[in-house]
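Down below is the structure, laid out as structure tokens.
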Number of protein chains: 2
Amino acid sequence: MATVLVTGASGFIGRACLPLLDDAGYEVVAVARTVPAWAAAGSIWREADLLQPGTATTLIASVQPTHVLHLAWNATPGQFWTSRDNVRWVQASLDLLEACVGRGVGRIVAAGTMAEYGTKGGTCDETATPCVPDTLYGVCKDALRRIWLDGAERAGVSAAWGRIFHPYGPHEHPAKLVPSVIRALLAGETVATTDGRQQRDFLHVADVAAAFVALMGSDLKGAVNVVSGQPASLRTVIETISARIGRPELVQLGARLRAAGDPEILAGIAGRLHAETSWRPQHSLDSGLADTIAWWRQAMEADHAAT
Amino acid sequence: MATVLVTGASGFIGRACLPLLDDAGYEVVAVARTVPAWAAAGSIWREADLLQPGTATTLIASVQPTHVLHLAWNATPGQFWTSRDNVRWVQASLDLLEACVGRGVGRIVAAGTMAEYGTKGGTCDETATPCVPDTLYGVCKDALRRIWLDGAERAGVSAAWGRIFHPYGPHEHPAKLVPSVIRALLAGETVATTDGRQQRDFLHVADVAAAFVALMGSDLKGAVNVVSGQPASLRTVIETISARIGRPELVQLGARLRAAGDPEILAGIAGRLHAETSWRPQHSLDSGLADTIAWWRQAMEADHAAT
């Protein structure tokens with residue numbers, strides 16, 4: 001039986017991957033520093049801090065996975081672009097790569113990022129756009145990818161790398177754009193935003209997770225954009241949310257200046273994912289946002305009931 | 001007083017750097033897994049295995065250097081292109097980088113390689129030639145450089161990266177081209193070589209070392225070729241050696257086929273080193289080879305006398 005070890009399993013993307021990997025027939029071993037309270041009964045969890053040297057080797061030797069999905073990283077909003085943890089996660093990821101070599105792991109898939117292309121923007125093509133990262137996060141992910149893909153190939157391990165752009169959906173960190181707008185409007189608060197003309201590729205986390213599961217089950221090698229391929233403006237996202245919640249009057253578009261260097265468009269083509277896997281997004285932006293609003297409504301009501 | 005910590009101090013390049021750093025006025029702390037027998041009286045050595053996690057942090061905290069010259073790597077001929085140690089040295093080098101951050105180290109210089117450009121060949125320009133490494137060694141050095149330079153810059157540590165091409169000179173590993181030709185001819189053995197038309201940039205190790213000392217004392221940031229800028233054919237190198245030793249009849253040029261993919265030219269311009277430092281090579285190819293022959297003659301006579 002195929003056993004997949006998932007790092008970062010308690011995170012935003014990892015959590016969404018677990019049931020899909022289970023549905024796809026893998027035995028799933030979820031790894032996190034702490035088993036989360038929401039862990040499903042009967043699911044297999046291992047507590048491990050991958051930033052500690054030697055942890056990956058012990059983990060791979062004891063779990064003996066055939067597949068590894070490596071999502072763990074520091075993704076804390078406001079921190080992750082510049083944190084020195086980025087360097088430590090390169091080291092931890094190389095520990096994991098080396099732990100897989102020669103130990104029966106045949107397929108490894110890791111989470112990359114749009115930041116590998118740099119934040120200059122544009123519509124990025126995984127087969128043509130050069131990687132010129134301009135953040136420590138992007139530099140570290142870009143450098144790791146080079147070793148991850150080449151180092152695996154030379155050791156006879158099949159490796160892919162899914163570049164995440166703008167995921168959204170249930171369980172996202174409340175400081176991110178989509179949750180902050182939804183939560184404010186549900187609470188009846190005003191939302192001051194930039195002009196919102198920036199184009200981004202928003203993808204529901206269930207579709208992001210399905211893309212990683214499709215990558216795991218394919219023999220696609222190398223880097224691939226995990227995107228819808230249909231960018232939308234922040235304005236469209238915000239107005240879709242406010243219309244669905246029925247509070248468009250609370251949105252103050254243009255009330256805030258954009259951050260310096262905020263690009264007009266930062267998106268990607270879904271070239272390889274469409275050409276080389278059967279993955280197709282299940283959510284439109286509208287249905288995905290509706291699902292997310294419904295989830296936050298329930299979460300906020302539960303919070304309110306608990307206090 | 002400026003204190004420079006030198007990793008890989010017992011290696012071919014490191015050994016040549018130590019007296020030059022001393023001459024330049026640094027307090028020199030040499031690091032190796034084992035203090036070599038040739039360590040000069042009064043010199044400061046620290047035994048440390050940088051591949052062990054935590055070693056770099058302990059070392060930097062105890063030595064408190066202002067400068068770090070990082071030369072340590074697996075450079076064993078026949079192994080280093082493909083060894084998984086390359087991945088481990090990336091991790092160890094990142095350990096060292098992070099150990100330097102915020103601890104009073106103001107300047108770090110590390111050894112890069114022509115292999116970052118790839119082995120397709122050409123005359124590489126550090127400001128223009130893209131890095132497309134095609135060996136695990138090259139991939140790992142290239143990826144490390146990206147983090148080393150960017151990670152240092154963002155932490156306020158001044159960092160440079162010297163790309164070594166074809167060093168030669170006293171104490172080189174006997175399996176390498178120059179020593180193997182010299183030793184065979186001094187022993188009166190025939191030497192079977194390829195056609196020898198390949199152009200390479202040979203640089204005497206004393207000049208390589210002087211370049212690193214110049215880099216350390218400059219504020220040059222980024223990657224720089226450590227080359228003479230004047231490539232020579234292997235045939236020229238071999239014929240210069242055989243003429244000096246007086247045994248040209250022992251050389252069988254063209255007796256061996258070149259390895260697959262051996263490029264016609266693999267060299268670099270000495271652009272930044274000339275423009276941004278006062279370094280100039282002291283040896284011509286002829287004087288450098290004469291020095292190296294004299295050294296091997298003495299070493300082989302000493303070996304002979306000892307047996």
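Identifiers in the structure tokens: chain A, B, ... in order shown; residue index from 1 per chain; ligand index from 1 in order shown.
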Range 86-89 of chain B surroundings by only C-alpha atoms, 9 Å radius, close-in-sequence under 5 positions cut, as a CSV table (one decimal) with all heavy atoms, in the first residue's frame:
```csv
chain,number,residue,atom,x,y,z
A,91,GLN,N,17.4,24.2,5.3
A,91,GLN,CA,18.2,23.1,5.9
A,91,GLN,C,17.3,21.9,6.3
A,91,GLN,O,17.6,20.7,6.0
A,91,GLN,CB,18.9,23.6,7.1
A,91,GLN,CG,19.9,24.7,6.8
A,91,GLN,CD,20.6,25.2,8.1
A,91,GLN,OE1,20.0,25.9,8.9
A,91,GLN,NE2,21.8,24.9,8.2
A,94,LEU,N,16.3,20.0,3.2
A,94,LEU,CA,17.4,19.2,2.7
A,94,LEU,C,17.6,17.9,3.5
A,94,LEU,O,17.9,16.9,3.0
A,94,LEU,CB,18.7,20.0,2.6
A,94,LEU,CG,18.6,21.2,1.6
A,94,LEU,CD1,19.9,22.0,1.6
A,94,LEU,CD2,18.3,20.7,0.2
A,95,ASP,N,17.4,18.1,4.9
A,95,ASP,CA,17.4,16.9,5.8
A,95,ASP,C,16.4,15.9,5.3
A,95,ASP,O,16.6,14.7,5.2
A,95,ASP,CB,17.0,17.4,7.2
A,95,ASP,CG,18.3,17.6,8.1
A,95,ASP,OD1,19.4,17.3,7.7
A,95,ASP,OD2,18.0,18.0,9.2
A,98,GLU,N,17.4,14.2,2.0
A,98,GLU,CA,18.4,13.2,2.1
A,98,GLU,C,17.9,12.0,2.9
A,98,GLU,O,18.4,10.9,2.7
A,98,GLU,CB,19.6,13.8,2.8
A,98,GLU,CG,20.4,14.8,2.0
A,98,GLU,CD,20.7,14.3,0.6
A,98,GLU,OE1,21.6,13.4,0.5
A,98,GLU,OE2,20.1,14.7,-0.4
A,147,ILE,N,18.0,22.4,-5.6
A,147,ILE,CA,18.6,21.2,-5.0
A,147,ILE,C,17.6,20.1,-4.9
A,147,ILE,O,17.9,19.0,-5.2
A,147,ILE,CB,19.2,21.5,-3.6
A,147,ILE,CG1,20.2,22.7,-3.7
A,147,ILE,CG2,19.9,20.3,-3.1
A,147,ILE,CD1,20.8,23.1,-2.4
A,151,GLY,N,18.7,17.2,-6.9
A,151,GLY,CA,19.2,16.2,-5.9
A,151,GLY,C,18.4,14.9,-5.9
A,151,GLY,O,18.9,13.8,-5.7
B,50,LEU,N,32.3,20.7,10.8
B,50,LEU,CA,31.2,21.6,10.5
B,50,LEU,C,29.9,20.9,9.9
B,50,LEU,O,28.8,21.5,9.9
B,50,LEU,CB,31.6,22.7,9.4
B,50,LEU,CG,32.7,23.7,10.0
B,50,LEU,CD1,33.3,24.4,8.9
B,50,LEU,CD2,32.0,24.7,10.9
B,51,LEU,N,30.1,19.6,9.5
B,51,LEU,CA,28.9,18.9,9.1
B,51,LEU,C,28.0,18.5,10.3
B,51,LEU,O,26.9,18.0,10.1
B,51,LEU,CB,29.3,17.6,8.3
B,51,LEU,CG,30.0,17.9,6.9
B,51,LEU,CD1,30.5,16.6,6.3
B,51,LEU,CD2,28.9,18.6,6.0
B,72,ALA,N,35.6,25.3,3.3
B,72,ALA,CA,35.4,23.9,3.5
B,72,ALA,C,34.3,23.3,2.6
B,72,ALA,O,33.2,24.0,2.4
B,72,ALA,CB,34.9,23.7,5.0
B,73,TRP,N,34.5,22.2,2.1
B,73,TRP,CA,33.6,21.4,1.2
B,73,TRP,C,34.2,20.1,1.0
B,73,TRP,O,35.4,19.9,1.3
B,73,TRP,CB,33.4,22.2,-0.1
B,73,TRP,CG,32.1,21.9,-0.8
B,73,TRP,CD1,31.9,20.9,-1.7
B,73,TRP,CD2,30.8,22.6,-0.7
B,73,TRP,NE1,30.6,20.9,-2.2
B,73,TRP,CE2,29.9,22.0,-1.6
B,73,TRP,CE3,30.4,23.7,0.1
B,73,TRP,CZ2,28.6,22.4,-1.7
B,73,TRP,CZ3,29.1,24.1,-0.1
B,73,TRP,CH2,28.2,23.5,-0.9
B,74,ASN,N,33.5,19.2,0.4
B,74,ASN,CA,34.0,17.9,-0.1
B,74,ASN,C,34.6,18.2,-1.5
B,74,ASN,O,33.9,18.4,-2.4
B,74,ASN,CB,33.0,16.8,-0.1
B,74,ASN,CG,33.6,15.5,-0.7
B,74,ASN,OD1,34.7,15.4,-1.2
B,74,ASN,ND2,32.8,14.4,-0.5
B,80,PHE,N,33.5,14.4,-5.8
B,80,PHE,CA,32.8,15.6,-5.4
B,80,PHE,C,31.7,16.1,-6.3
B,80,PHE,O,30.8,16.7,-6.0
B,80,PHE,CB,33.8,16.8,-5.1
B,80,PHE,CG,34.4,17.4,-6.3
B,80,PHE,CD1,33.8,18.5,-6.9
B,80,PHE,CD2,35.5,16.8,-6.9
B,80,PHE,CE1,34.4,19.1,-8.0
B,80,PHE,CE2,36.1,17.4,-8.1
B,80,PHE,CZ,35.5,18.5,-8.6
B,81,TRP,N,31.8,15.7,-7.6
B,81,TRP,CA,30.8,16.1,-8.6
B,81,TRP,C,29.4,15.5,-8.2
B,81,TRP,O,28.4,16.2,-8.5
B,81,TRP,CB,31.2,15.7,-10.0
B,81,TRP,CG,32.3,16.3,-10.6
B,81,TRP,CD1,33.6,15.8,-10.8
B,81,TRP,CD2,32.4,17.7,-11.0
B,81,TRP,NE1,34.4,16.7,-11.4
B,81,TRP,CE2,33.7,17.9,-11.5
B,81,TRP,CE3,31.5,18.8,-11.1
B,81,TRP,CZ2,34.1,19.1,-12.1
B,81,TRP,CZ3,31.9,20.0,-11.6
B,81,TRP,CH2,33.2,20.2,-12.1
B,94,LEU,N,25.0,26.9,5.5
B,94,LEU,CA,23.9,27.8,6.0
B,94,LEU,C,24.0,27.9,7.5
B,94,LEU,O,23.7,28.9,8.1
B,94,LEU,CB,22.5,27.2,5.5
B,94,LEU,CG,22.3,27.2,4.0
B,94,LEU,CD1,21.0,26.6,3.7
B,94,LEU,CD2,22.4,28.6,3.5
B,136,LEU,N,25.6,17.9,-9.5
B,136,LEU,CA,25.1,18.1,-8.2
B,136,LEU,C,25.9,19.1,-7.4
B,136,LEU,O,25.4,20.0,-6.7
B,136,LEU,CB,24.9,16.8,-7.4
B,136,LEU,CG,24.3,16.9,-6.0
B,136,LEU,CD1,22.9,17.5,-6.2
B,136,LEU,CD2,24.2,15.5,-5.3
B,137,TYR,N,27.3,19.0,-7.7
B,137,TYR,CA,28.2,19.9,-7.0
B,137,TYR,C,27.8,21.4,-7.5
B,137,TYR,O,27.7,22.3,-6.6
B,137,TYR,CB,29.6,19.6,-7.5
B,137,TYR,CG,30.7,20.5,-7.1
B,137,TYR,CD1,31.0,20.8,-5.8
B,137,TYR,CD2,31.5,21.2,-8.1
B,137,TYR,CE1,32.0,21.7,-5.4
B,137,TYR,CE2,32.5,22.0,-7.7
B,137,TYR,CZ,32.8,22.3,-6.4
B,137,TYR,OH,33.8,23.2,-6.0
B,138,GLY,N,27.7,21.6,-8.8
B,138,GLY,CA,27.4,22.9,-9.3
B,138,GLY,C,26.0,23.4,-8.8
B,138,GLY,O,25.9,24.6,-8.5
B,139,VAL,N,25.0,22.5,-8.8
B,139,VAL,CA,23.7,22.9,-8.4
B,139,VAL,C,23.7,23.3,-6.9
B,139,VAL,O,23.1,24.3,-6.5
B,139,VAL,CB,22.7,21.7,-8.6
B,139,VAL,CG1,21.4,21.9,-7.8
B,139,VAL,CG2,22.4,21.5,-10.0
B,140,CYS,N,24.5,22.6,-6.1
B,140,CYS,CA,24.5,22.9,-4.6
B,140,CYS,C,25.3,24.2,-4.4
B,140,CYS,O,24.8,25.0,-3.6
B,140,CYS,CB,25.1,21.7,-3.9
B,140,CYS,SG,23.9,20.3,-3.7
B,141,LYS,N,26.4,24.4,-5.0
B,141,LYS,CA,27.1,25.6,-4.9
B,141,LYS,C,26.3,26.8,-5.4
B,141,LYS,O,26.3,27.9,-4.7
B,141,LYS,CB,28.5,25.5,-5.6
B,141,LYS,CG,29.6,24.8,-4.9
B,141,LYS,CD,30.3,25.6,-3.8
B,141,LYS,CE,31.5,24.9,-3.3
B,141,LYS,NZ,32.2,25.7,-2.2
```
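Within 9 Å of Gly288 in chain B, once only C-alpha atoms are used and residues closer than 2 positions along the same chain are dropped, the contacting residues are Tyr168, Gly169, Leu203, His204, Val205, Gln282, His283, Ser284, Leu285, Asp286, Ala290, Asp291, Thr292 and Ile293 of chain B.
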Just the selected residues (N, CA and C atoms), exported as a compact mmCIF listing (two decimals), in the first residue's frame, please.
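out.txt, freshly written:
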```txt
# COMPACT_ATOMS: atom_id res chain seq x y z
N TYR B 168 46.17 25.27 -9.35
CA TYR B 168 47.21 24.24 -9.34
C TYR B 168 48.34 24.77 -8.47
N GLY B 169 49.26 23.90 -8.08
CA GLY B 169 50.39 24.37 -7.27
C GLY B 169 50.74 23.37 -6.20
N LEU B 203 45.40 28.71 -12.59
CA LEU B 203 45.87 29.79 -11.72
C LEU B 203 46.62 29.17 -10.54
N HIS B 204 47.81 29.66 -10.32
CA HIS B 204 48.64 29.14 -9.22
C HIS B 204 47.91 29.38 -7.89
N VAL B 205 47.98 28.39 -7.03
CA VAL B 205 47.21 28.44 -5.78
C VAL B 205 47.59 29.65 -4.92
N GLN B 282 50.56 36.99 -9.57
CA GLN B 282 52.01 37.16 -9.48
C GLN B 282 52.74 36.16 -10.37
N HIS B 283 52.09 35.03 -10.62
CA HIS B 283 52.71 33.99 -11.43
C HIS B 283 52.20 34.04 -12.86
N SER B 284 53.12 33.89 -13.82
CA SER B 284 52.71 33.51 -15.17
C SER B 284 52.50 32.00 -15.14
N LEU B 285 51.91 31.45 -16.20
CA LEU B 285 51.75 29.99 -16.26
C LEU B 285 53.13 29.34 -16.16
N ASP B 286 54.10 29.92 -16.86
CA ASP B 286 55.44 29.33 -16.87
C ASP B 286 56.09 29.35 -15.49
N ALA B 290 56.85 26.10 -13.07
CA ALA B 290 58.24 25.88 -12.61
C ALA B 290 58.26 25.72 -11.09
N ASP B 291 57.53 26.58 -10.41
CA ASP B 291 57.44 26.50 -8.95
C ASP B 291 56.85 25.17 -8.51
N THR B 292 55.83 24.74 -9.23
CA THR B 292 55.12 23.51 -8.86
C THR B 292 56.00 22.28 -9.13
N ILE B 293 56.73 22.31 -10.24
CA ILE B 293 57.67 21.20 -10.53
C ILE B 293 58.74 21.12 -9.44
```
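Among B:Asp201, B:Glu126, B:Glu239, B:Glu153, the residue with the shortest atom-to-atom distance to chain A, counting only C-alpha atoms, is B:Glu153.
Between Lys176 in chain B and the candidates B:Trp45, B:Gly78, B:Ser233, B:Arg258, the tightest atom-to-atom separation, counting only C-alpha atoms, involves B:Gly78.
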Item to check | Near-Met114 in chain A list (9 Å; only C-alpha atoms; drop same-chain fewer than 6 positions) as a PyMOL selection string | outcome: chain A and resi 124+138+163-166+225+266-268
Could you dump the residues just selected with all heavy atoms as a PDB file, in the first residue's frame?
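The resulting file, again.pdb, is shown below:
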```pdb
ATOM      1  N   CYS A 124       3.198  34.487 -14.929  1.00  0.00           N
ATOM      2  CA  CYS A 124       4.382  33.628 -14.909  1.00  0.00           C
ATOM      3  C   CYS A 124       4.118  32.281 -15.566  1.00  0.00           C
ATOM      4  O   CYS A 124       3.090  31.647 -15.322  1.00  0.00           O
ATOM      5  CB  CYS A 124       4.842  33.427 -13.462  1.00  0.00           C
ATOM      6  SG  CYS A 124       5.210  34.989 -12.639  1.00  0.00           S
ATOM      7  N   GLY A 138      11.505  34.094  -1.049  1.00  0.00           N
ATOM      8  CA  GLY A 138      11.600  33.651  -2.440  1.00  0.00           C
ATOM      9  C   GLY A 138      12.973  33.092  -2.785  1.00  0.00           C
ATOM     10  O   GLY A 138      13.087  32.079  -3.480  1.00  0.00           O
ATOM     11  N   ARG A 163       4.055  25.374  -7.232  1.00  0.00           N
ATOM     12  CA  ARG A 163       4.166  26.775  -6.814  1.00  0.00           C
ATOM     13  C   ARG A 163       2.794  27.350  -6.475  1.00  0.00           C
ATOM     14  O   ARG A 163       1.950  27.531  -7.350  1.00  0.00           O
ATOM     15  CB  ARG A 163       4.808  27.613  -7.926  1.00  0.00           C
ATOM     16  CG  ARG A 163       6.273  27.326  -8.101  1.00  0.00           C
ATOM     17  CD  ARG A 163       6.923  28.389  -8.994  1.00  0.00           C
ATOM     18  NE  ARG A 163       8.327  28.065  -9.156  1.00  0.00           N
ATOM     19  CZ  ARG A 163       8.948  27.890 -10.326  1.00  0.00           C
ATOM     20  NH1 ARG A 163       8.282  28.053 -11.454  1.00  0.00           N
ATOM     21  NH2 ARG A 163      10.217  27.598 -10.377  1.00  0.00           N
ATOM     22  N   ILE A 164       2.623  27.679  -5.210  1.00  0.00           N
ATOM     23  CA  ILE A 164       1.365  28.213  -4.712  1.00  0.00           C
ATOM     24  C   ILE A 164       1.328  29.720  -4.935  1.00  0.00           C
ATOM     25  O   ILE A 164       2.323  30.411  -4.725  1.00  0.00           O
ATOM     26  CB  ILE A 164       1.210  27.869  -3.211  1.00  0.00           C
ATOM     27  CG1 ILE A 164       1.219  26.345  -3.021  1.00  0.00           C
ATOM     28  CG2 ILE A 164      -0.051  28.494  -2.638  1.00  0.00           C
ATOM     29  CD1 ILE A 164       1.384  25.906  -1.574  1.00  0.00           C
ATOM     30  N   PHE A 165       0.172  30.219  -5.369  1.00  0.00           N
ATOM     31  CA  PHE A 165       0.028  31.658  -5.598  1.00  0.00           C
ATOM     32  C   PHE A 165      -0.842  32.296  -4.504  1.00  0.00           C
ATOM     33  O   PHE A 165      -0.329  32.708  -3.490  1.00  0.00           O
ATOM     34  CB  PHE A 165      -0.532  31.907  -7.012  1.00  0.00           C
ATOM     35  CG  PHE A 165       0.522  31.858  -8.082  1.00  0.00           C
ATOM     36  CD1 PHE A 165       1.261  30.684  -8.328  1.00  0.00           C
ATOM     37  CD2 PHE A 165       0.842  32.979  -8.838  1.00  0.00           C
ATOM     38  CE1 PHE A 165       2.262  30.646  -9.296  1.00  0.00           C
ATOM     39  CE2 PHE A 165       1.844  32.955  -9.811  1.00  0.00           C
ATOM     40  CZ  PHE A 165       2.543  31.785 -10.038  1.00  0.00           C
ATOM     41  N   HIS A 166      -2.147  32.381  -4.727  1.00  0.00           N
ATOM     42  CA  HIS A 166      -3.028  33.017  -3.737  1.00  0.00           C
ATOM     43  C   HIS A 166      -4.154  32.078  -3.318  1.00  0.00           C
ATOM     44  O   HIS A 166      -5.282  32.204  -3.805  1.00  0.00           O
ATOM     45  CB  HIS A 166      -3.593  34.333  -4.284  1.00  0.00           C
ATOM     46  CG  HIS A 166      -2.598  35.445  -4.263  1.00  0.00           C
ATOM     47  ND1 HIS A 166      -1.752  35.698  -5.318  1.00  0.00           N
ATOM     48  CD2 HIS A 166      -2.290  36.367  -3.307  1.00  0.00           C
ATOM     49  CE1 HIS A 166      -0.972  36.723  -5.017  1.00  0.00           C
ATOM     50  NE2 HIS A 166      -1.261  37.153  -3.813  1.00  0.00           N
ATOM     51  N   ASN A 225       3.011  25.580 -11.780  1.00  0.00           N
ATOM     52  CA  ASN A 225       2.165  26.575 -11.118  1.00  0.00           C
ATOM     53  C   ASN A 225       0.890  25.923 -10.606  1.00  0.00           C
ATOM     54  O   ASN A 225       0.230  25.199 -11.355  1.00  0.00           O
ATOM     55  CB  ASN A 225       1.749  27.674 -12.108  1.00  0.00           C
ATOM     56  CG  ASN A 225       2.902  28.557 -12.541  1.00  0.00           C
ATOM     57  OD1 ASN A 225       3.917  28.644 -11.843  1.00  0.00           O
ATOM     58  ND2 ASN A 225       2.758  29.221 -13.673  1.00  0.00           N
ATOM     59  N   LEU A 266       0.077  39.641 -10.754  1.00  0.00           N
ATOM     60  CA  LEU A 266       0.976  38.602 -10.245  1.00  0.00           C
ATOM     61  C   LEU A 266       0.169  37.311 -10.343  1.00  0.00           C
ATOM     62  O   LEU A 266      -0.656  36.998  -9.500  1.00  0.00           O
ATOM     63  CB  LEU A 266       1.374  38.911  -8.803  1.00  0.00           C
ATOM     64  CG  LEU A 266       2.409  37.983  -8.148  1.00  0.00           C
ATOM     65  CD1 LEU A 266       3.608  37.730  -9.033  1.00  0.00           C
ATOM     66  CD2 LEU A 266       2.865  38.582  -6.825  1.00  0.00           C
ATOM     67  N   ALA A 267       0.401  36.624 -11.448  1.00  0.00           N
ATOM     68  CA  ALA A 267      -0.438  35.466 -11.751  1.00  0.00           C
ATOM     69  C   ALA A 267       0.392  34.446 -12.499  1.00  0.00           C
ATOM     70  O   ALA A 267       1.589  34.636 -12.714  1.00  0.00           O
ATOM     71  CB  ALA A 267      -1.633  35.906 -12.591  1.00  0.00           C
ATOM     72  N   GLY A 268      -0.224  33.346 -12.847  1.00  0.00           N
ATOM     73  CA  GLY A 268       0.521  32.307 -13.555  1.00  0.00           C
ATOM     74  C   GLY A 268      -0.381  31.577 -14.535  1.00  0.00           C
ATOM     75  O   GLY A 268      -1.602  31.554 -14.369  1.00  0.00           O
TER      76      GLY A 268
END
```
Next on the checklist: Need to verify the contact set: range 33-36 of chain B, 12 Å, only C-alpha atoms, exclusion of same-chain residues closer than 6 positions in sequence. Can you return it as a ChimeraX atom specification?
Outcome noted: /B:7-11,14-15,43-52,55,72-73
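Taking CA of Thr3 in chain B and CA of Pro65 in chain B as the two end points, the separation is 4.8 Å.
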